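Student: Before we start, here is the structure in question, set down as structure tokens.
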Amino acid sequence: MAKVLCVGDAMIGPDRFVAACRELFPDSEPIGAQWLGQDKAALQLERLKVEKGGPSAVPVPAFDFPELKDCEILLVHYCPVSSELLGLLPNLRIIGVARGGVENIDVDSATAKGILVFRVEGRNAQAVSDFAIGLMIAELRNIARSHQSLREGRWRKEYVNSGYSCQLERKQVGIVGLGKIGSLVAKKLSGFEVKAVGYDPFVDASLFQQWAVTRVELPELMSTSDVITIHARLSATTRHLIGRREIQRMKPTAILVNTARAGLVDEDALVEALTKRLIGGAALDVFDQEPLPPTDPYLSLDNVTVTSHLAGTAVEVLQRSPYLLCEVIQDYLLHRRVGTLVNPDALAKTA
């Protein structure tokens with residue numbers, strides 16, 4: 001009977017992990033634990049530290065269970081799993097992360113110990129792809145700015161982009177990253193009759209064909225697209241993938257949409273381009289510093305739509321994630337399928 005440590009947080013509580021375990025692992029003994037309590041603001045600050053500095057950037061979570069050393073499976077959402085925490089779990093065999101990113105896991109240490117790390121792919125793909133298209137339209141058509149003006153008592157009809165505020169039909173949308181989210185964006189945009197182009201060196205050409213996306217290199221995408229939407233995964237090689245040079249290639253009427261990770265874009269270069277009106281605008285859900293401080297330049301610019309990191313937090317996403325994760329792990333335990341295994345090198349140590 002496997003002992004499972006279920007570490008929840010203010011977004012996904014441990015009770016949801018425990019319920020998923022009891023349904024999918026009926027012979028298990030799930031133990032629930034909470035990281036950082038119910039304070040969503042504290043969670044946001046700590047997860048940003050982890051995203052930038054790795055799991056050792058924050059203190060090791062203080063779990064005080066006599067059964068801790070016996071746990072074989074660890075399920076987490078944003079909780080950091082550092083090499084130090086792994087040292088407290090000598091019998092651990094599997095780590096499951098209830099989201100796509102694993103920045104909060106010391107994967108190298110887990111691999112060295114023969115601990116398999118699984119993640120959930122595409123859990124919020126529908127939510128983020130919806131949101132990205134919503135941001136495109138909001139920025140192109142001044143929806144948020146008009147809303148704010150009316151609340152301030154102004155019936156506003158003129159905006160910075162009034163000379164080129166446009167509909168999506170027949171416009172070129174450049175999709176950076178054609179994974180699950182980027183593919184859904186392409187699929188949903190097909191109803192708007194856009195010309196879709198994409199850049200992703202890691203996916204097969206057949207996927208571009210499936211969604212009628214023309215494959216191009218990044219410089220061409222940046223220089224020819226009317227809307228650029230980012231759906232790449234952040235890594236050491238993709239940090240500032242959209243840098244100063246890429247932003248300078250953009251049309252003066254083009255907009256940049258980012259619902260992925262702030263680190264994919266050189267924020268200083270983007271702020272400069274928006275301030276000097278070198279590009280048409282931007283719509284952003286992610287930022288280098290979150291929450292945005294009152295003095296952040298984005299808040300004083302009239303050619304950017306900003307939202308508070310909401311794209312992936314639809315209710316359905318948070319409810320389903322623990323079950324999706326347990327299904328992935330169940331598939332490995334019963335059938336040895338390793339579809340979302342992050343560290344296949346660890347398999348050799350489990351034989």
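For the structure tokens, the naming scheme is as follows: chains receive sequential letters (A, B, ...) according to their order of presentation, residues are indexed from 1 within each chain, and ligands are indexed from 1 in presentation order.
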With a distance cut-off of 7 Å and only C-alpha atoms, select the neighbouring residues of stretch 80-83 of chain A, excluding the residue or stretch itself and same-chain residues fewer than 3 positions from it, and output the selection as an NGL selection string.

Tutor: :A and (55-56 or 86-87 or 104-106 or 109)

Student: Now that the selection is made, can you save its residues with C-alpha atoms as a tab-separated table (two decimals), in the first residue's frame?

Tutor:
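Contents of out13.tsv, as written:
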chain	number	residue	atom	x	y	z
A	55	PRO	CA	13.21	25.17	-6.16
A	56	SER	CA	16.08	26.04	-3.81
A	86	LEU	CA	14.25	15.02	-1.53
A	87	GLY	CA	16.74	14.15	1.18
A	104	ASN	CA	9.65	23.94	-9.01
A	105	ILE	CA	11.30	20.51	-9.19
A	106	ASP	CA	15.02	19.79	-8.94
A	109	SER	CA	18.56	15.58	-8.22

Student: Contacts of stretch 127-136 of chain A at 9 Å or less, counting only C-alpha atoms, minus same-chain residues fewer than 3 places along, as a short mmCIF file (atom, residue, chain, number, x, y, z; two decimals) with C-alpha atoms, in the first residue's frame?

Tutor:
data_model
loop_
_atom_site.label_atom_id
_atom_site.label_comp_id
_atom_site.auth_asym_id
_atom_site.auth_seq_id
_atom_site.Cartn_x
_atom_site.Cartn_y
_atom_site.Cartn_z
CA ARG A 123 -4.31 20.98 -18.53
CA ASN A 124 -5.05 24.66 -19.18
CA GLU A 139 -6.10 45.23 -27.64
CA LEU A 140 -7.01 45.56 -31.31
CA ARG A 141 -10.48 46.98 -30.57
CA LEU A 168 -8.88 39.96 -37.35
CA ILE A 181 -1.89 25.84 -26.54
CA GLY A 182 -0.48 27.26 -29.76
CA SER A 183 -2.25 24.56 -31.78
CA LEU A 184 -5.57 25.40 -30.13
CA VAL A 185 -5.03 29.09 -30.85
CA ALA A 186 -4.51 28.22 -34.52
CA LYS A 188 -9.81 28.65 -32.92
CA LEU A 189 -8.45 31.45 -35.10
CA VAL A 227 -0.53 39.99 -34.32
CA THR A 229 1.08 35.56 -29.83
CA ILE A 230 3.60 33.68 -27.68
CA ILE A 255 0.68 43.95 -31.46
CA LEU A 256 2.42 41.42 -29.20
CA VAL A 257 0.38 39.10 -26.98
CA ASN A 258 1.98 37.12 -24.14
CA THR A 259 0.04 34.64 -22.02
CA ALA A 260 2.98 32.24 -21.61
CA ALA A 282 0.74 44.75 -26.55
CA ALA A 283 -1.56 42.60 -24.46
CA LEU A 284 0.09 40.92 -21.48
CA ASP A 285 -0.93 38.52 -18.75
CA THR A 305 -3.77 45.83 -22.22
CA VAL A 306 -2.70 44.16 -18.97
CA THR A 307 -4.34 41.43 -16.90
CA LEU A 310 -5.41 35.02 -15.22
CA ALA A 311 -5.09 33.06 -18.45
CA GLY A 312 -4.69 29.56 -17.04
CA THR A 313 -6.80 29.76 -13.89
CA ALA A 314 -10.23 28.77 -15.12
CA GLU A 316 -12.28 23.69 -14.60
CA VAL A 317 -8.48 23.68 -14.86
#

Student: Run DSSP on the backbone and tell me which residues of stretch 15-82 of chain A come out as alpha helix (DSSP H); list them as a JSON list (two decimals) with C-alpha atoms, in the first residue's frame.

Tutor:
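See states-v4.json below for the written result:
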[["chain", "number", "residue", "atom", "x", "y", "z"],
["A", 15, "ASP", "CA", -8.11, 17.87, -0.42],
["A", 16, "ARG", "CA", -8.40, 17.76, -4.22],
["A", 17, "PHE", "CA", -5.22, 15.73, -4.53],
["A", 18, "VAL", "CA", -6.35, 13.39, -1.76],
["A", 19, "ALA", "CA", -9.75, 12.88, -3.43],
["A", 20, "ALA", "CA", -8.08, 12.08, -6.77],
["A", 21, "CYS", "CA", -5.75, 9.59, -5.05],
["A", 22, "ARG", "CA", -8.59, 7.83, -3.31],
["A", 23, "GLU", "CA", -10.47, 7.48, -6.57],
["A", 24, "LEU", "CA", -7.60, 6.38, -8.79],
["A", 40, "LYS", "CA", -2.83, 33.58, -2.87],
["A", 41, "ALA", "CA", -0.70, 36.73, -2.83],
["A", 42, "ALA", "CA", 2.05, 34.93, -0.89],
["A", 43, "LEU", "CA", 1.81, 31.98, -3.26],
["A", 44, "GLN", "CA", 2.23, 34.30, -6.24],
["A", 45, "LEU", "CA", 5.37, 35.88, -4.77],
["A", 46, "GLU", "CA", 6.96, 32.56, -3.84],
["A", 47, "ARG", "CA", 6.20, 30.86, -7.14],
["A", 48, "LEU", "CA", 7.84, 33.76, -9.00],
["A", 49, "LYS", "CA", 10.97, 33.30, -6.90],
["A", 50, "VAL", "CA", 10.95, 29.62, -7.80],
["A", 51, "GLU", "CA", 10.34, 30.34, -11.48],
["A", 52, "LYS", "CA", 13.37, 32.62, -11.59],
["A", 53, "GLY", "CA", 15.70, 30.87, -9.17]]

Student: List the spatial neighbours of stretch 194-203 of chain A as a list in words - criterion: any atom at most 7 Å away, only C-alpha atoms, same-chain residues fewer than 4 positions off excluded.

Tutor: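 So the residues in contact are Leu168, Glu169, Arg170, Lys171, Gln172, Val173, Gly174, Ile175, Val176, Gly177, Leu178, Ala186, Leu189, Ser190, Val213, Thr214, Arg215, Val216, Glu217, Leu218 and Leu221 of chain A.
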
Student: Based on the selection just made, write N, CA and C atoms of those residues as a PDB file, in the first residue's frame.

Tutor:
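Generated file (again.pdb):
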ATOM      1  N   LEU A 168      -9.856  41.026 -37.145  1.00  0.00           N
ATOM      2  CA  LEU A 168      -8.884  39.960 -37.354  1.00  0.00           C
ATOM      3  C   LEU A 168      -8.925  39.372 -38.769  1.00  0.00           C
ATOM      4  N   GLU A 169     -10.050  39.417 -39.410  1.00  0.00           N
ATOM      5  CA  GLU A 169     -10.181  38.802 -40.732  1.00  0.00           C
ATOM      6  C   GLU A 169      -9.081  39.279 -41.685  1.00  0.00           C
ATOM      7  N   ARG A 170      -8.428  38.320 -42.334  1.00  0.00           N
ATOM      8  CA  ARG A 170      -7.380  38.537 -43.324  1.00  0.00           C
ATOM      9  C   ARG A 170      -6.092  39.123 -42.756  1.00  0.00           C
ATOM     10  N   LYS A 171      -6.001  39.226 -41.454  1.00  0.00           N
ATOM     11  CA  LYS A 171      -4.752  39.674 -40.851  1.00  0.00           C
ATOM     12  C   LYS A 171      -3.841  38.466 -40.637  1.00  0.00           C
ATOM     13  N   GLN A 172      -2.544  38.719 -40.565  1.00  0.00           N
ATOM     14  CA  GLN A 172      -1.599  37.625 -40.304  1.00  0.00           C
ATOM     15  C   GLN A 172      -1.332  37.537 -38.813  1.00  0.00           C
ATOM     16  N   VAL A 173      -1.541  36.354 -38.276  1.00  0.00           N
ATOM     17  CA  VAL A 173      -1.253  36.093 -36.872  1.00  0.00           C
ATOM     18  C   VAL A 173      -0.056  35.153 -36.800  1.00  0.00           C
ATOM     19  N   GLY A 174       0.982  35.586 -36.124  1.00  0.00           N
ATOM     20  CA  GLY A 174       2.174  34.770 -35.936  1.00  0.00           C
ATOM     21  C   GLY A 174       2.127  34.068 -34.590  1.00  0.00           C
ATOM     22  N   ILE A 175       2.215  32.746 -34.611  1.00  0.00           N
ATOM     23  CA  ILE A 175       2.126  31.943 -33.383  1.00  0.00           C
ATOM     24  C   ILE A 175       3.514  31.410 -33.055  1.00  0.00           C
ATOM     25  N   VAL A 176       4.063  31.852 -31.941  1.00  0.00           N
ATOM     26  CA  VAL A 176       5.384  31.413 -31.505  1.00  0.00           C
ATOM     27  C   VAL A 176       5.200  30.264 -30.512  1.00  0.00           C
ATOM     28  N   GLY A 177       5.444  29.039 -30.981  1.00  0.00           N
ATOM     29  CA  GLY A 177       5.216  27.857 -30.157  1.00  0.00           C
ATOM     30  C   GLY A 177       3.920  27.186 -30.558  1.00  0.00           C
ATOM     31  N   LEU A 178       4.017  26.011 -31.158  1.00  0.00           N
ATOM     32  CA  LEU A 178       2.832  25.314 -31.671  1.00  0.00           C
ATOM     33  C   LEU A 178       2.606  24.014 -30.908  1.00  0.00           C
ATOM     34  N   ALA A 186      -4.390  28.310 -33.055  1.00  0.00           N
ATOM     35  CA  ALA A 186      -4.513  28.221 -34.516  1.00  0.00           C
ATOM     36  C   ALA A 186      -5.872  27.667 -34.914  1.00  0.00           C
ATOM     37  N   LEU A 189      -8.566  30.288 -34.216  1.00  0.00           N
ATOM     38  CA  LEU A 189      -8.449  31.453 -35.100  1.00  0.00           C
ATOM     39  C   LEU A 189      -8.918  31.156 -36.518  1.00  0.00           C
ATOM     40  N   SER A 190      -8.988  29.880 -36.883  1.00  0.00           N
ATOM     41  CA  SER A 190      -9.402  29.548 -38.248  1.00  0.00           C
ATOM     42  C   SER A 190     -10.800  30.088 -38.541  1.00  0.00           C
ATOM     43  N   VAL A 213      -1.232  26.137 -40.695  1.00  0.00           N
ATOM     44  CA  VAL A 213      -0.286  27.172 -40.276  1.00  0.00           C
ATOM     45  C   VAL A 213       0.945  27.078 -41.163  1.00  0.00           C
ATOM     46  N   THR A 214       1.349  28.181 -41.744  1.00  0.00           N
ATOM     47  CA  THR A 214       2.542  28.211 -42.580  1.00  0.00           C
ATOM     48  C   THR A 214       3.782  28.307 -41.687  1.00  0.00           C
ATOM     49  N   ARG A 215       4.696  27.373 -41.895  1.00  0.00           N
ATOM     50  CA  ARG A 215       5.903  27.341 -41.062  1.00  0.00           C
ATOM     51  C   ARG A 215       6.913  28.373 -41.559  1.00  0.00           C
ATOM     52  N   VAL A 216       7.375  29.242 -40.664  1.00  0.00           N
ATOM     53  CA  VAL A 216       8.364  30.263 -41.009  1.00  0.00           C
ATOM     54  C   VAL A 216       9.400  30.345 -39.899  1.00  0.00           C
ATOM     55  N   GLU A 217      10.497  31.001 -40.172  1.00  0.00           N
ATOM     56  CA  GLU A 217      11.493  31.263 -39.143  1.00  0.00           C
ATOM     57  C   GLU A 217      11.070  32.492 -38.333  1.00  0.00           C
ATOM     58  N   LEU A 218      11.639  32.649 -37.161  1.00  0.00           N
ATOM     59  CA  LEU A 218      11.214  33.708 -36.253  1.00  0.00           C
ATOM     60  C   LEU A 218      11.376  35.112 -36.845  1.00  0.00           C
ATOM     61  N   LEU A 221       8.454  35.791 -39.121  1.00  0.00           N
ATOM     62  CA  LEU A 221       7.215  35.908 -38.359  1.00  0.00           C
ATOM     63  C   LEU A 221       7.107  37.282 -37.705  1.00  0.00           C
TER      64      LEU A 221
END

Student: Closest to A:Gly280 among A:Glu103, A:Glu84, A:Asp302, A:Glu121, using only C-alpha atoms?

Tutor: A:Asp302

Student: What's the 9 Å shell around A:Asn161, counting only C-alpha atoms, without same-chain residues fewer than 3 positions away, as a ChimeraX atom specification?

Tutor: /A:140-142,158,164-165,253,280-281,303

Student: Go ahead and save the picked residues with N, CA and C atoms, as a PDB file, in the first residue's frame.

Tutor:
ATOM      1  N   LEU A 140      -6.735  45.033 -29.967  1.00  0.00           N
ATOM      2  CA  LEU A 140      -7.006  45.561 -31.309  1.00  0.00           C
ATOM      3  C   LEU A 140      -8.192  46.514 -31.319  1.00  0.00           C
ATOM      4  N   ARG A 141      -9.225  46.214 -30.508  1.00  0.00           N
ATOM      5  CA  ARG A 141     -10.477  46.976 -30.573  1.00  0.00           C
ATOM      6  C   ARG A 141     -10.692  47.867 -29.356  1.00  0.00           C
ATOM      7  N   ASN A 142      -9.675  48.014 -28.485  1.00  0.00           N
ATOM      8  CA  ASN A 142      -9.727  48.954 -27.356  1.00  0.00           C
ATOM      9  C   ASN A 142     -10.848  48.633 -26.360  1.00  0.00           C
ATOM     10  N   GLU A 158     -11.712  58.005 -29.540  1.00  0.00           N
ATOM     11  CA  GLU A 158     -10.397  58.070 -30.170  1.00  0.00           C
ATOM     12  C   GLU A 158      -9.341  57.446 -29.261  1.00  0.00           C
ATOM     13  N   TYR A 164      -5.456  52.495 -37.052  1.00  0.00           N
ATOM     14  CA  TYR A 164      -5.241  51.144 -37.570  1.00  0.00           C
ATOM     15  C   TYR A 164      -5.910  50.074 -36.705  1.00  0.00           C
ATOM     16  N   SER A 165      -6.794  50.462 -35.800  1.00  0.00           N
ATOM     17  CA  SER A 165      -7.579  49.490 -35.039  1.00  0.00           C
ATOM     18  C   SER A 165      -8.356  48.644 -36.034  1.00  0.00           C
ATOM     19  N   THR A 253       2.387  48.863 -36.657  1.00  0.00           N
ATOM     20  CA  THR A 253       0.979  48.665 -36.300  1.00  0.00           C
ATOM     21  C   THR A 253       0.721  47.313 -35.634  1.00  0.00           C
ATOM     22  N   GLY A 280       2.478  48.729 -32.538  1.00  0.00           N
ATOM     23  CA  GLY A 280       1.095  49.136 -32.334  1.00  0.00           C
ATOM     24  C   GLY A 280       0.617  48.993 -30.906  1.00  0.00           C
ATOM     25  N   GLY A 281       1.037  47.941 -30.228  1.00  0.00           N
ATOM     26  CA  GLY A 281       0.575  47.729 -28.867  1.00  0.00           C
ATOM     27  C   GLY A 281       0.954  46.354 -28.353  1.00  0.00           C
ATOM     28  N   ASN A 303      -1.167  52.076 -24.815  1.00  0.00           N
ATOM     29  CA  ASN A 303      -1.170  51.143 -25.949  1.00  0.00           C
ATOM     30  C   ASN A 303      -0.845  49.730 -25.489  1.00  0.00           C
TER      31      ASN A 303
END

Student: Record the distance separating atom CA of A:Cys6 and atom CA of A:Ala33, expressed in Å with one decimal.

Tutor: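 Atom CA of A:Ala33 lies 6.0 Å from atom CA of A:Cys6.
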
Student: Pick out the closest residue to A:Asn91 from this set: A:Asp64, A:Asp288, A:Glu152, A:Glu72. Count only C-alpha atoms.

Tutor: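 Looking at the shortest contact to A:Asn91, the residue is A:Glu72.
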
Student: Assign secondary structure with DSSP using the backbone only, and return the residues of stretch 15-165 of chain A in strand (DSSP E or B) as a list of chain:residue names.

Tutor: A:Glu29, A:Pro30, A:Ile31, A:Gly32, A:Ala33, A:Gln34, A:Ile73, A:Leu74, A:Leu75, A:Val76, A:Val81, A:Ile94, A:Ile95, A:Gly96, A:Val97, A:Ile105, A:Leu116, A:Val117, A:Phe118, A:Arg119

Student: Find the residues near stretch 270-279 of chain A: any atom within 9 Å, counting only C-alpha atoms, skip ones fewer than 4 places away on the same chain, and give them as a list in words.

Tutor: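 My list of contacting residues is Gly243, Arg244, Ile247, Gln248, Met250, Lys251, Pro252, Thr253, Ala254, Ile255, Leu256, Val265, Asp266, Pro297, Tyr298, Leu301, Asp302, Asn303 and Val304 of chain A.
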
Student: How would the residues just chosen look if you wrote them out with N, CA and C atoms as a PDB file, in the first residue's frame?

Tutor:
ATOM      1  N   GLY A 243      13.508  39.279 -28.075  1.00  0.00           N
ATOM      2  CA  GLY A 243      14.388  40.306 -27.535  1.00  0.00           C
ATOM      3  C   GLY A 243      14.266  41.617 -28.298  1.00  0.00           C
ATOM      4  N   ARG A 244      15.201  42.497 -28.049  1.00  0.00           N
ATOM      5  CA  ARG A 244      15.171  43.816 -28.674  1.00  0.00           C
ATOM      6  C   ARG A 244      15.186  43.721 -30.200  1.00  0.00           C
ATOM      7  N   ILE A 247      11.760  42.540 -31.478  1.00  0.00           N
ATOM      8  CA  ILE A 247      10.736  43.580 -31.337  1.00  0.00           C
ATOM      9  C   ILE A 247      10.947  44.679 -32.372  1.00  0.00           C
ATOM     10  N   GLN A 248      12.194  45.004 -32.658  1.00  0.00           N
ATOM     11  CA  GLN A 248      12.478  46.032 -33.662  1.00  0.00           C
ATOM     12  C   GLN A 248      12.042  45.611 -35.062  1.00  0.00           C
ATOM     13  N   MET A 250       9.199  44.226 -35.720  1.00  0.00           N
ATOM     14  CA  MET A 250       7.739  44.270 -35.810  1.00  0.00           C
ATOM     15  C   MET A 250       7.251  45.474 -36.615  1.00  0.00           C
ATOM     16  N   LYS A 251       6.113  45.290 -37.263  1.00  0.00           N
ATOM     17  CA  LYS A 251       5.461  46.394 -37.948  1.00  0.00           C
ATOM     18  C   LYS A 251       5.079  47.477 -36.934  1.00  0.00           C
ATOM     19  N   PRO A 252       5.028  48.738 -37.337  1.00  0.00           N
ATOM     20  CA  PRO A 252       4.625  49.799 -36.403  1.00  0.00           C
ATOM     21  C   PRO A 252       3.170  49.699 -35.974  1.00  0.00           C
ATOM     22  N   THR A 253       2.387  48.863 -36.657  1.00  0.00           N
ATOM     23  CA  THR A 253       0.979  48.665 -36.300  1.00  0.00           C
ATOM     24  C   THR A 253       0.721  47.313 -35.634  1.00  0.00           C
ATOM     25  N   ALA A 254       1.747  46.486 -35.472  1.00  0.00           N
ATOM     26  CA  ALA A 254       1.568  45.122 -34.950  1.00  0.00           C
ATOM     27  C   ALA A 254       1.451  45.124 -33.435  1.00  0.00           C
ATOM     28  N   ILE A 255       0.785  44.092 -32.905  1.00  0.00           N
ATOM     29  CA  ILE A 255       0.682  43.947 -31.455  1.00  0.00           C
ATOM     30  C   ILE A 255       1.304  42.618 -31.026  1.00  0.00           C
ATOM     31  N   LEU A 256       1.794  42.612 -29.788  1.00  0.00           N
ATOM     32  CA  LEU A 256       2.416  41.425 -29.199  1.00  0.00           C
ATOM     33  C   LEU A 256       1.556  40.957 -28.036  1.00  0.00           C
ATOM     34  N   VAL A 265      10.093  37.287 -23.065  1.00  0.00           N
ATOM     35  CA  VAL A 265      10.168  38.604 -23.698  1.00  0.00           C
ATOM     36  C   VAL A 265      11.111  39.498 -22.906  1.00  0.00           C
ATOM     37  N   ASP A 266      11.946  40.251 -23.608  1.00  0.00           N
ATOM     38  CA  ASP A 266      12.786  41.264 -22.980  1.00  0.00           C
ATOM     39  C   ASP A 266      11.874  42.429 -22.597  1.00  0.00           C
ATOM     40  N   PRO A 297       5.769  50.968 -15.549  1.00  0.00           N
ATOM     41  CA  PRO A 297       5.478  51.757 -16.757  1.00  0.00           C
ATOM     42  C   PRO A 297       4.299  51.247 -17.576  1.00  0.00           C
ATOM     43  N   TYR A 298       4.034  49.945 -17.530  1.00  0.00           N
ATOM     44  CA  TYR A 298       2.891  49.417 -18.278  1.00  0.00           C
ATOM     45  C   TYR A 298       1.587  50.112 -17.880  1.00  0.00           C
ATOM     46  N   LEU A 301       0.928  53.428 -19.756  1.00  0.00           N
ATOM     47  CA  LEU A 301       0.909  53.412 -21.215  1.00  0.00           C
ATOM     48  C   LEU A 301      -0.504  53.196 -21.741  1.00  0.00           C
ATOM     49  N   ASP A 302      -0.810  53.863 -22.836  1.00  0.00           N
ATOM     50  CA  ASP A 302      -2.155  53.786 -23.402  1.00  0.00           C
ATOM     51  C   ASP A 302      -2.222  52.850 -24.604  1.00  0.00           C
ATOM     52  N   ASN A 303      -1.167  52.076 -24.815  1.00  0.00           N
ATOM     53  CA  ASN A 303      -1.170  51.143 -25.949  1.00  0.00           C
ATOM     54  C   ASN A 303      -0.845  49.730 -25.489  1.00  0.00           C
ATOM     55  N   VAL A 304      -1.284  49.401 -24.279  1.00  0.00           N
ATOM     56  CA  VAL A 304      -1.083  48.052 -23.756  1.00  0.00           C
ATOM     57  C   VAL A 304      -2.285  47.659 -22.898  1.00  0.00           C
TER      58      VAL A 304
END

Student: Counting only C-alpha atoms, figure out which residue out of A:Pro90, A:Gly101, A:Pro66, A:Gly96 gets nearest to A:Leu325.

Tutor: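 Once distances to A:Leu325 are computed over only C-alpha atoms, the minimum belongs to A:Gly96.
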